[in-house]
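Enquirer: Input model.txt, format and content: compact mmCIF, C-alpha atoms.
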```txt
# COMPACT_ATOMS: atom_id res chain seq x y z
CA PRO A 32 126.01 65.51 106.02
CA PHE A 33 124.99 63.05 103.30
CA ASN A 34 123.03 63.68 100.12
CA ALA A 35 120.67 61.41 98.18
CA ASP A 36 123.53 59.94 96.10
CA ALA A 37 125.35 58.88 99.28
CA LEU A 38 122.20 57.19 100.55
CA ARG A 39 121.62 55.35 97.26
CA SER A 40 125.21 54.13 96.99
CA GLY A 41 125.65 53.28 100.67
CA SER A 42 128.81 55.41 100.91
CA TRP A 43 127.40 57.09 104.03
CA ALA A 44 128.08 53.86 105.96
CA ASN A 45 131.82 53.93 105.19
CA ALA A 46 132.07 57.54 106.35
CA LEU A 47 130.47 56.60 109.68
CA GLY A 48 132.39 53.34 110.07
CA ILE A 49 129.22 51.25 109.93
CA ALA A 50 129.13 47.79 108.37
CA LEU A 51 126.58 47.70 105.55
CA SER A 52 125.81 44.81 103.20
CA TYR A 53 126.84 45.12 99.55
CA ASP A 54 123.44 43.70 98.56
CA PRO A 55 121.71 46.47 96.53
CA LYS A 56 118.35 45.51 98.02
CA VAL A 57 119.67 45.98 101.56
CA ILE A 58 121.26 49.32 100.66
CA GLN A 59 117.99 50.48 99.07
CA ALA A 60 115.92 49.34 102.06
CA VAL A 61 118.18 51.15 104.55
CA ALA A 62 118.16 54.32 102.42
CA THR A 63 114.36 54.23 102.32
CA ALA A 64 114.17 53.78 106.09
CA ILE A 65 116.50 56.72 106.71
CA THR A 66 114.54 58.96 104.35
CA VAL A 67 111.19 58.03 105.92
CA HIS A 68 112.56 58.60 109.42
CA ALA A 69 113.97 61.98 108.40
CA LYS A 70 110.53 63.07 107.20
CA GLU A 71 108.87 62.08 110.47
CA ALA A 72 111.54 63.07 112.98
CA PRO A 73 110.99 66.46 114.64
CA GLU A 74 113.58 69.08 113.80
CA CYS A 75 115.54 70.48 116.73
CA GLU A 76 118.27 73.06 117.11
CA SER A 77 121.53 71.39 118.07
CA THR A 78 123.84 74.34 117.40
CA PRO A 79 124.72 76.75 120.22
CA ARG A 80 123.56 80.28 119.50
CA LEU A 81 122.77 83.63 121.10
CA SER A 82 119.07 83.66 121.87
CA PRO A 83 117.25 86.48 120.04
CA GLU A 84 114.88 86.70 123.02
CA THR A 85 117.31 86.78 125.95
CA GLY A 86 120.63 87.66 124.29
CA ARG A 87 122.24 84.83 126.26
CA ILE A 88 124.02 81.73 125.00
CA ASP A 89 121.52 78.96 124.33
CA VAL A 90 123.17 75.67 125.24
CA PRO A 91 121.54 72.80 123.30
CA ALA A 92 120.55 69.61 125.07
CA GLU A 93 123.08 67.73 122.93
CA LYS A 94 126.23 69.70 123.67
CA PRO A 95 129.30 69.61 121.44
CA ASP A 96 131.83 67.21 122.98
CA GLN A 97 133.99 68.66 125.78
CA TYR A 98 131.99 71.91 125.93
CA PHE A 99 130.32 72.72 129.28
CA GLU A 100 131.79 69.64 130.95
CA THR A 101 132.87 70.07 134.58
CA HIS A 102 134.80 67.88 137.01
CA PRO A 103 132.30 65.34 138.38
CA GLN A 104 133.45 65.92 141.98
CA VAL A 105 133.76 69.71 141.94
CA GLU A 106 130.74 71.89 142.65
CA ARG A 107 130.23 75.43 141.33
CA THR A 108 131.47 77.26 144.44
CA GLU A 109 134.74 75.32 144.52
CA GLY A 110 135.12 75.63 140.76
CA LEU A 111 134.84 79.42 140.82
CA GLU A 112 137.37 79.57 143.67
CA GLY A 113 139.74 77.78 141.32
CA TRP A 114 139.17 80.44 138.68
CA ARG A 115 139.86 83.21 141.21
CA ALA A 116 143.18 81.55 141.95
CA ILE A 117 143.97 81.39 138.22
CA VAL A 118 143.15 85.09 137.85
CA ALA A 119 145.58 85.84 140.69
CA GLU A 120 148.27 83.90 138.82
CA THR A 121 147.95 86.21 135.80
CA ALA A 122 149.56 89.09 137.68
CA ALA A 123 152.84 87.52 136.57
CA ALA A 124 151.48 86.36 133.20
CA PRO A 125 149.76 89.19 131.27
CA LYS A 126 149.61 87.17 128.05
CA LEU A 127 147.63 84.48 129.85
CA ALA A 128 145.26 87.21 131.07
CA HIS A 129 144.87 88.34 127.47
CA MET A 130 144.01 84.82 126.29
CA MET A 131 141.44 84.37 129.07
CA GLY A 132 139.73 87.67 128.26
CA ALA A 133 139.56 86.81 124.57
CA SER A 134 138.15 83.39 125.36
CA ALA A 135 135.40 84.77 127.61
CA ILE A 136 134.16 87.36 125.12
CA ALA A 137 134.48 85.12 122.03
CA PRO A 138 130.80 84.05 121.75
CA PHE A 139 129.70 87.69 121.74
CA VAL A 140 132.13 89.28 119.26
CA HIS A 141 129.74 89.25 116.30
CA ALA A 142 126.90 90.69 118.37
CA LEU A 143 129.27 93.44 119.53
CA GLY A 144 130.22 94.40 115.99
CA VAL A 145 133.74 93.00 116.26
CA LYS A 146 135.05 90.88 113.40
CA SER A 147 135.63 87.21 114.02
CA HIS A 148 139.34 86.57 114.12
CA THR A 149 142.22 84.20 114.82
CA PHE A 150 144.24 84.27 118.03
CA SER A 151 147.66 82.71 117.49
CA VAL A 152 150.34 81.91 120.08
CA THR A 153 153.78 81.13 118.67
CA GLY A 154 157.16 80.10 119.99
CA ALA A 155 159.47 77.19 120.71
CA ALA A 156 158.49 74.14 122.75
CA GLN A 157 158.22 74.30 126.55
CA ARG A 158 157.18 77.95 126.52
CA GLY A 159 153.69 77.62 127.98
CA LYS A 160 151.76 77.74 124.70
CA THR A 161 149.73 74.59 125.29
CA GLN A 162 149.14 75.41 128.97
CA GLY A 163 147.82 78.85 128.02
CA LEU A 164 145.60 77.35 125.34
CA ARG A 165 144.23 74.78 127.80
CA VAL A 166 143.44 77.46 130.38
CA ALA A 167 141.65 79.62 127.81
CA ALA A 168 139.69 76.61 126.54
CA GLY A 169 138.99 75.47 130.10
CA ILE A 170 136.64 78.40 130.56
CA TRP A 171 134.19 76.59 128.29
CA GLY A 172 134.74 72.95 129.19
CA ASN A 173 137.08 70.02 129.58
CA SER A 174 140.45 70.85 128.05
CA ILE A 175 142.39 68.75 130.55
CA GLU A 176 142.21 65.08 129.65
CA GLU A 177 145.30 63.97 127.75
CA GLY A 178 144.45 62.28 124.48
CA ASN A 179 140.88 63.54 124.69
CA ALA A 180 140.82 65.43 121.40
CA GLY A 181 137.37 66.84 120.75
CA SER A 182 135.55 69.83 119.37
CA LEU A 183 136.72 72.19 122.12
CA PHE A 184 140.42 71.39 122.43
CA GLY A 185 142.73 69.13 120.45
CA PRO A 186 145.64 68.95 118.03
CA TRP A 187 145.49 70.32 114.51
CA ASN A 188 144.23 67.13 112.88
CA LEU A 189 141.74 68.98 110.68
CA SER A 190 142.23 69.89 107.04
CA HIS A 191 141.38 73.36 105.78
CA MET A 192 138.35 71.74 104.13
CA ALA A 193 137.10 70.01 107.31
CA LEU A 194 137.42 73.02 109.60
CA PRO A 195 134.32 74.90 108.30
CA GLN A 196 132.15 71.85 108.98
CA LEU A 197 133.28 71.68 112.61
CA LEU A 198 132.97 75.42 113.15
CA GLY A 199 129.48 75.39 111.69
CA GLU A 200 128.42 72.95 114.40
CA LEU A 201 129.67 75.31 117.13
CA GLY A 202 127.55 78.34 116.21
CA MET A 203 129.62 81.02 117.93
CA LEU A 204 131.58 79.06 120.53
CA PRO A 205 135.37 79.47 120.38
CA ILE A 206 137.58 76.59 119.30
CA TYR A 207 141.14 75.76 120.38
CA ARG A 208 143.67 73.88 118.25
CA ASP A 209 147.22 73.05 119.35
CA GLU A 210 150.38 72.68 117.26
CA GLY A 211 149.53 74.20 113.90
CA GLY A 212 152.46 72.40 112.27
CA LEU A 213 150.51 69.14 112.52
CA ALA A 214 147.97 70.47 110.03
CA LYS A 215 150.49 70.24 107.16
CA MET A 216 148.81 73.17 105.45
CA SER A 217 150.43 75.55 103.00
CA LYS A 218 150.74 79.24 103.75
CA GLN A 219 148.00 79.96 101.22
CA GLN A 220 145.69 77.48 102.93
CA TRP A 221 146.33 79.24 106.25
CA ALA A 222 145.53 82.54 104.57
CA GLN A 223 142.28 81.04 103.30
CA ILE A 224 141.35 79.92 106.83
CA ILE A 225 142.16 83.31 108.36
CA TYR A 226 140.07 85.17 105.78
CA SER A 227 137.14 82.75 106.00
CA VAL A 228 137.14 82.96 109.82
CA SER A 229 136.97 86.74 109.69
CA GLU A 230 134.03 86.72 107.28
CA GLY A 231 132.01 84.06 109.14
CA VAL A 232 132.39 80.40 108.23
CA SER A 233 129.29 78.57 106.98
CA ARG A 234 128.67 74.86 106.85
CA ALA A 235 126.79 72.90 104.23
CA ARG A 236 123.78 70.89 105.35
CA THR A 237 121.97 68.18 103.49
CA ASP A 238 118.18 68.33 103.48
CA LEU A 239 117.08 64.69 103.38
CA ARG A 240 113.53 65.75 102.59
CA ALA A 241 114.55 67.57 99.43
CA GLY A 242 117.74 65.61 98.70
CA ARG A 243 119.83 68.74 98.28
CA ALA A 244 122.47 70.67 100.15
CA SER A 245 121.86 74.04 101.79
CA ILE A 246 124.08 76.52 103.60
CA GLY A 247 123.54 76.71 107.35
CA ALA A 248 124.03 79.65 109.68
CA PRO A 249 127.64 80.92 109.77
CA TRP A 250 130.04 80.54 112.66
CA HIS A 251 131.27 83.77 114.23
CA GLY A 252 133.81 83.79 117.03
CA ILE A 253 137.51 83.38 117.75
CA LEU A 254 139.74 80.55 116.53
CA PHE A 255 142.65 79.95 118.95
CA THR A 256 145.76 78.19 117.72
CA THR A 257 149.39 77.57 118.63
CA SER A 258 152.43 76.87 116.48
CA ASN A 259 156.21 77.06 116.57
CA ALA A 260 156.45 79.57 113.71
CA ARG A 261 154.53 82.82 113.41
CA LEU A 262 151.23 82.19 111.68
CA THR A 263 151.33 85.36 109.57
CA GLU A 264 154.90 84.95 108.36
CA GLY A 265 154.97 84.87 104.56
CA ILE A 266 151.28 85.78 104.16
CA ASP A 267 151.30 89.41 105.25
CA SER A 268 151.81 91.26 101.97
CA GLY A 269 150.42 91.56 98.46
CA GLU A 270 146.99 89.96 98.17
CA ASN A 271 147.33 88.86 101.81
CA GLN A 272 148.20 92.25 103.28
CA GLY A 273 144.93 92.23 105.24
CA ILE A 274 145.95 89.10 107.17
CA PRO A 275 147.73 90.86 110.08
CA ARG A 276 144.55 92.82 110.83
CA ARG A 277 142.61 89.59 111.24
CA VAL A 278 145.04 87.87 113.60
CA VAL A 279 146.16 88.62 117.14
CA GLU A 280 149.56 86.99 117.46
CA LEU A 281 151.32 86.60 120.78
CA ASP A 282 154.87 85.38 121.24
CA ALA A 283 155.55 82.82 123.99
CA PRO A 284 156.24 82.48 126.88
CA ILE A 285 152.67 82.60 128.11
CA THR A 286 153.16 81.38 131.67
CA ALA A 287 155.63 83.07 134.01
CA ASP A 288 157.71 79.93 134.55
CA ALA A 289 157.54 76.14 134.73
CA GLU A 290 156.40 76.23 138.36
CA GLN A 291 153.40 78.36 137.45
CA ALA A 292 152.55 76.05 134.57
CA LEU A 293 152.39 73.14 137.04
CA ARG A 294 150.24 75.13 139.45
CA LEU A 295 147.80 75.78 136.63
CA ILE A 296 147.68 72.29 135.13
CA ASN A 297 148.93 69.10 136.74
CA SER A 298 147.36 65.67 136.30
CA ASP A 299 150.06 63.76 138.21
CA PRO A 300 148.20 62.05 141.10
CA THR A 301 151.35 62.12 143.27
CA LYS A 302 151.42 65.94 143.21
CA PRO A 303 148.93 68.67 144.08
CA ARG A 304 146.13 68.91 141.53
CA GLY A 305 146.47 71.77 139.06
CA LEU A 306 143.99 74.63 139.43
CA LEU A 307 142.41 74.06 136.03
CA ASN A 308 142.14 70.32 136.66
CA GLY A 309 139.36 71.03 139.15
CA CYS A 310 137.64 74.16 137.87
CA TYR A 311 137.28 73.66 134.10
CA GLY A 312 133.87 74.46 132.64
CA HIS A 313 132.38 76.28 135.62
CA LEU A 314 133.19 79.80 134.45
CA GLY A 315 131.70 79.20 131.01
CA LEU A 316 128.48 77.88 132.54
CA LEU A 317 128.29 80.99 134.74
CA ILE A 318 128.70 83.16 131.64
CA THR A 319 125.81 81.37 129.89
CA GLU A 320 123.59 81.93 132.91
CA THR A 321 124.36 85.58 133.60
CA ILE A 322 125.79 87.38 130.55
CA ASP A 323 123.66 88.62 127.68
CA THR A 324 124.55 90.88 124.77
CA ALA A 325 123.54 94.01 126.74
CA LYS A 326 125.98 93.16 129.56
CA ALA A 327 128.69 92.24 127.05
CA SER A 328 128.17 95.65 125.42
CA HIS A 329 128.53 97.28 128.84
CA TYR A 330 131.93 95.64 129.32
CA LEU A 331 133.02 96.70 125.84
CA ARG A 332 132.07 100.33 126.56
CA ALA A 333 134.05 100.14 129.79
CA ALA A 334 137.05 98.81 127.85
CA HIS A 335 136.82 101.74 125.42
CA GLU A 336 136.77 104.14 128.37
CA LEU A 337 139.97 102.61 129.70
CA ARG A 338 141.67 102.72 126.31
CA PRO A 339 139.99 104.91 123.66
CA LEU A 340 140.15 103.51 120.14
CA PRO A 341 143.25 104.86 118.35
CA GLU A 342 143.12 106.22 114.83
CA GLY A 343 144.85 104.93 111.73
CA ASP A 344 145.84 101.42 110.68
CA VAL A 345 146.08 100.20 114.26
CA ALA A 346 142.34 100.72 114.82
CA ASP A 347 141.36 97.33 113.36
CA VAL A 348 143.71 95.50 115.70
CA ALA A 349 142.71 97.69 118.65
CA ARG A 350 139.04 96.75 118.20
CA MET A 351 139.94 93.10 118.71
CA LEU A 352 142.12 93.86 121.72
CA LEU A 353 139.44 96.04 123.32
CA ALA A 354 136.97 93.17 122.96
CA HIS A 355 139.47 90.92 124.73
CA LEU A 356 139.81 93.54 127.48
CA ALA A 357 136.02 93.53 127.79
CA GLY A 358 136.22 89.79 128.41
CA SER A 359 138.75 90.37 131.20
CA LEU A 360 136.45 92.96 132.79
CA MET A 361 133.62 90.43 132.55
CA ILE A 362 135.62 87.72 134.33
CA ASP A 363 136.74 90.12 137.06
CA ASP A 364 133.13 91.15 137.64
CA LEU A 365 131.73 87.62 137.68
CA LEU A 366 134.40 86.39 140.11
CA GLY A 367 134.46 89.49 142.31
CA ALA A 368 138.17 89.79 141.52
CA GLY A 369 138.35 93.58 141.44
CA ASP A 370 140.30 94.52 138.32
CA GLN A 371 143.08 91.93 138.58
CA LEU A 372 142.64 90.29 135.19
CA ALA A 373 141.89 93.55 133.38
CA GLN A 374 144.99 95.27 134.77
CA SER A 375 147.19 92.35 133.80
CA ASN A 376 145.64 92.33 130.32
CA LEU A 377 146.13 96.10 129.94
CA SER A 378 149.87 95.89 130.43
CA GLY A 379 150.22 93.37 127.64
CA MET A 380 147.71 95.19 125.44
CA ASP A 381 149.63 98.47 125.60
CA GLU A 382 152.82 96.66 124.63
CA TYR A 383 151.08 94.94 121.72
CA LEU A 384 149.63 98.18 120.36
CA ALA A 385 153.00 99.92 120.70
CA GLU A 386 154.43 97.40 118.22
CA TRP A 387 151.73 98.46 115.75
CA ALA A 388 152.36 102.19 116.14
CA ALA A 389 153.50 103.94 112.99
CA PRO A 390 157.27 104.55 112.90
CA GLU A 391 158.39 108.04 113.77
CA THR A 392 159.14 110.48 110.98
CA GLU A 393 162.59 112.01 110.78
CA ALA A 394 161.20 115.27 112.23
CA GLU A 395 159.63 113.39 115.17
CA ARG A 396 162.89 111.60 115.87
CA LEU A 397 164.79 114.92 115.87
CA LYS A 398 162.21 116.50 118.15
CA SER A 399 162.42 113.64 120.64
CA TRP A 400 166.21 114.02 120.61
CA ASN A 401 166.04 117.85 120.93
CA PRO A 402 162.84 119.13 122.60
CA ASN A 403 163.50 122.62 121.20
CA ALA A 404 163.62 121.44 117.60
CA GLY A 405 161.00 123.12 115.45
CA LEU A 406 160.39 125.95 117.93
CA SER A 407 160.98 129.56 116.84
```
For the file at hand, write its structure as structure tokens.
Expert:
Amino acid sequence: PFNADALRSGSWANALGIALSYDPKVIQAVATAITVHAKEAPECESTPRLSPETGRIDVPAEKPDQYFETHPQVERTEGLEGWRAIVAETAAAPKLAHMMGASAIAPFVHALGVKSHTFSVTGAAQRGKTQGLRVAAGIWGNSIEEGNAGSLFGPWNLSHMALPQLLGELGMLPIYRDEGGLAKMSKQQWAQIIYSVSEGVSRARTDLRAGRASIGAPWHGILFTTSNARLTEGIDSGENQGIPRRVVELDAPITADAEQALRLINSDPTKPRGLLNGCYGHLGLLITETIDTAKASHYLRAAHELRPLPEGDVADVARMLLAHLAGSLMIDDLLGAGDQLAQSNLSGMDEYLAEWAAPETEAERLKSWNPNAGLS
């Protein structure tokens, strides 16, 4: 956004890469034309949101780039068959099932009373991190094209200052960023991002009519990221001790093996097309057409029935994981896949929560070693 000073100076043209004369009269004339047009142009909502009337995702006519794109030669029926095949693949890849469930439920987390959060996948190269991220992003659009970095999927080429602006334009849609090391951010800057994501990121807008900035509606959702090193390492204590409860952090590998990764994503024309290469975007469009907040709440209640919310410190993390499980139940239901994705997700979820369980006391360790300990 540009304020009145930017219009008067002509600096807006540099930011947009537009050639503008240095003649002050030209700059003034263009600024006047922009201001007049802004007063007369009808306002329209260009940010995706949950409709207060229907509870469904309102997709604006001008969609964010990559979102809701589908393969031009693949119809809905074929696209959903591709997603059923991907769900079947997750039987051997529970972490991929987890990522898919989280991705599907992401636009609804705020409406469900679940905090917005960060989903981080970490590990060395060639461990399926990027493939998993592409599959999760592919629910909502085109995450396939190499070099096609856009709002949906791309490398970490954003600064910690630019991220809120992009998120604000997405409303509540999830975003997927690969290779966190490219961001060149300090640990404290990562902590700032994690906290701001969990509280709802807002973007500044410039009102050309009044010549002043205002704060737009916040973004609520899930930020997905990958990196080689654990995101929370070094920012999980002291003033940042709340960070681990705002991040779900999975360790790679995400796919079962290299062969599965190629079955999921393969753009080599000399080999069979990857499943995601043909089906991207179709599942997200189906979600926008059929899922409202009431149905999302139904899936969340079902998730809580499968795994009741535990007590103690682990509860905050469990709320996020149960929302992700709700997303898996949603996908299974929409695709008629039984409980394949949910069951795969559950196995990984139980393992994740076990790592958060409080360590045994000395008495508990003795009792587990000797069942008669403590009995009179």
Enquirer: Considering only C-alpha atoms, state which residue in the set A:Asp347, A:Trp171, A:Thr149, A:Gly159 is at the smallest distance from Ile224 in chain A.
Expert: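 Of all the options, A:Thr149 lies closest to Ile224 in chain A.
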Enquirer: Which value, in Å to one decimal, gives the distance between CA of Pro125 in chain A and CA of Ala373 in chain A?
Expert: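 A separation of 9.2 Å between them.
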Enquirer: Would you mind listing what lies within 7 Å of Leu306 in chain A as a count of residues only, with all atoms listed in the file counted and same-chain residues fewer than 6 positions away left out?
Expert: 5
Enquirer: Do you know which residues are at most 8 Å from Gly312 in chain A counting all atoms listed in the file, after dropping those on the same chain fewer than 4 positions away, and could you put them as a ChimeraX atom specification?
Expert: /A:98-102,169-173,316
Enquirer: Which one of A:Ala325, A:Leu127, A:Ala222, A:Ala333 sits closest to Glu84 in chain A if you count all atoms listed in the file?
Expert: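 Answer, going by the shortest atom-to-atom distance: A:Ala325.
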Enquirer: Please provide the set of residues having any atom within 12 Å of Ala214 in chain A, restricted to all atoms listed in the file, with same-chain residues fewer than 5 positions apart removed, written as a PyMOL selection string.
Expert: chain A and resi 185-194+208-209+220-221+224+256-258
Enquirer: Nearest to Ile65 in chain A: which of A:Arg39, A:Lys146, A:Arg80, A:Lys160 is it, counting only C-alpha atoms?
Expert: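 So, comparing all the options, the nearest one is A:Arg39.
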Enquirer: Nearest to Thr63 in chain A: which of A:Pro195, A:Gly41, A:Gly252, A:Gly265 is it, counting only C-alpha atoms?
Expert: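 Under the stated criterion, the closest residue is A:Gly41.
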Enquirer: Write a file for range 145-155 of chain A, containing all heavy atoms (output as a compact mmCIF listing (two decimals), in the first residue's frame).
Expert:
```
# COMPACT_ATOMS: atom_id res chain seq x y z
N VAL A 145 -9.29 -22.70 17.76
CA VAL A 145 -7.92 -23.22 17.84
C VAL A 145 -6.96 -22.10 17.44
O VAL A 145 -7.19 -21.41 16.45
CB VAL A 145 -7.72 -24.43 16.91
CG1 VAL A 145 -6.28 -24.93 16.96
CG2 VAL A 145 -8.70 -25.54 17.28
N LYS A 146 -5.91 -21.91 18.22
CA LYS A 146 -4.96 -20.85 17.91
C LYS A 146 -4.28 -21.08 16.56
O LYS A 146 -3.98 -22.20 16.18
CB LYS A 146 -3.87 -20.79 18.99
CG LYS A 146 -4.13 -19.77 20.09
CD LYS A 146 -2.91 -19.60 20.95
CE LYS A 146 -3.11 -18.51 21.99
NZ LYS A 146 -3.28 -17.19 21.38
N SER A 147 -4.08 -19.99 15.84
CA SER A 147 -3.24 -20.06 14.65
C SER A 147 -1.85 -20.52 15.08
O SER A 147 -1.40 -20.21 16.19
CB SER A 147 -3.15 -18.69 13.98
OG SER A 147 -4.44 -18.25 13.58
N HIS A 148 -1.17 -21.22 14.21
CA HIS A 148 0.13 -21.75 14.62
C HIS A 148 1.02 -22.03 13.42
O HIS A 148 0.62 -21.88 12.26
CB HIS A 148 -0.03 -23.02 15.47
CG HIS A 148 -0.90 -24.08 14.85
ND1 HIS A 148 -2.28 -24.04 14.93
CD2 HIS A 148 -0.60 -25.21 14.15
CE1 HIS A 148 -2.79 -25.10 14.32
NE2 HIS A 148 -1.79 -25.81 13.83
N THR A 149 2.24 -22.43 13.73
CA THR A 149 3.25 -22.74 12.71
C THR A 149 3.47 -24.25 12.68
O THR A 149 3.54 -24.90 13.71
CB THR A 149 4.58 -22.03 13.05
OG1 THR A 149 4.34 -20.61 13.13
CG2 THR A 149 5.64 -22.31 12.00
N PHE A 150 3.56 -24.78 11.48
CA PHE A 150 3.80 -26.22 11.28
C PHE A 150 5.16 -26.33 10.59
O PHE A 150 5.31 -25.95 9.43
CB PHE A 150 2.70 -26.80 10.41
CG PHE A 150 2.63 -28.30 10.40
CD1 PHE A 150 1.49 -28.96 10.83
CD2 PHE A 150 3.70 -29.07 9.95
CE1 PHE A 150 1.41 -30.34 10.83
CE2 PHE A 150 3.63 -30.46 9.94
CZ PHE A 150 2.48 -31.10 10.38
N SER A 151 6.14 -26.86 11.30
CA SER A 151 7.51 -26.89 10.80
C SER A 151 7.98 -28.33 10.57
O SER A 151 7.77 -29.20 11.42
CB SER A 151 8.44 -26.20 11.81
OG SER A 151 9.79 -26.30 11.40
N VAL A 152 8.60 -28.56 9.43
CA VAL A 152 9.19 -29.86 9.11
C VAL A 152 10.69 -29.67 8.97
O VAL A 152 11.15 -28.82 8.20
CB VAL A 152 8.60 -30.43 7.80
CG1 VAL A 152 9.23 -31.78 7.48
CG2 VAL A 152 7.09 -30.54 7.90
N THR A 153 11.46 -30.44 9.72
CA THR A 153 12.90 -30.23 9.76
C THR A 153 13.66 -31.52 9.46
O THR A 153 13.16 -32.62 9.68
CB THR A 153 13.35 -29.70 11.14
OG1 THR A 153 13.01 -30.67 12.14
CG2 THR A 153 12.67 -28.40 11.47
N GLY A 154 14.87 -31.35 8.96
CA GLY A 154 15.71 -32.50 8.68
C GLY A 154 16.66 -32.22 7.53
O GLY A 154 16.58 -31.19 6.86
N ALA A 155 17.56 -33.15 7.29
CA ALA A 155 18.57 -33.00 6.24
C ALA A 155 17.92 -33.05 4.86
O ALA A 155 16.74 -33.38 4.71
CB ALA A 155 19.62 -34.10 6.38
```
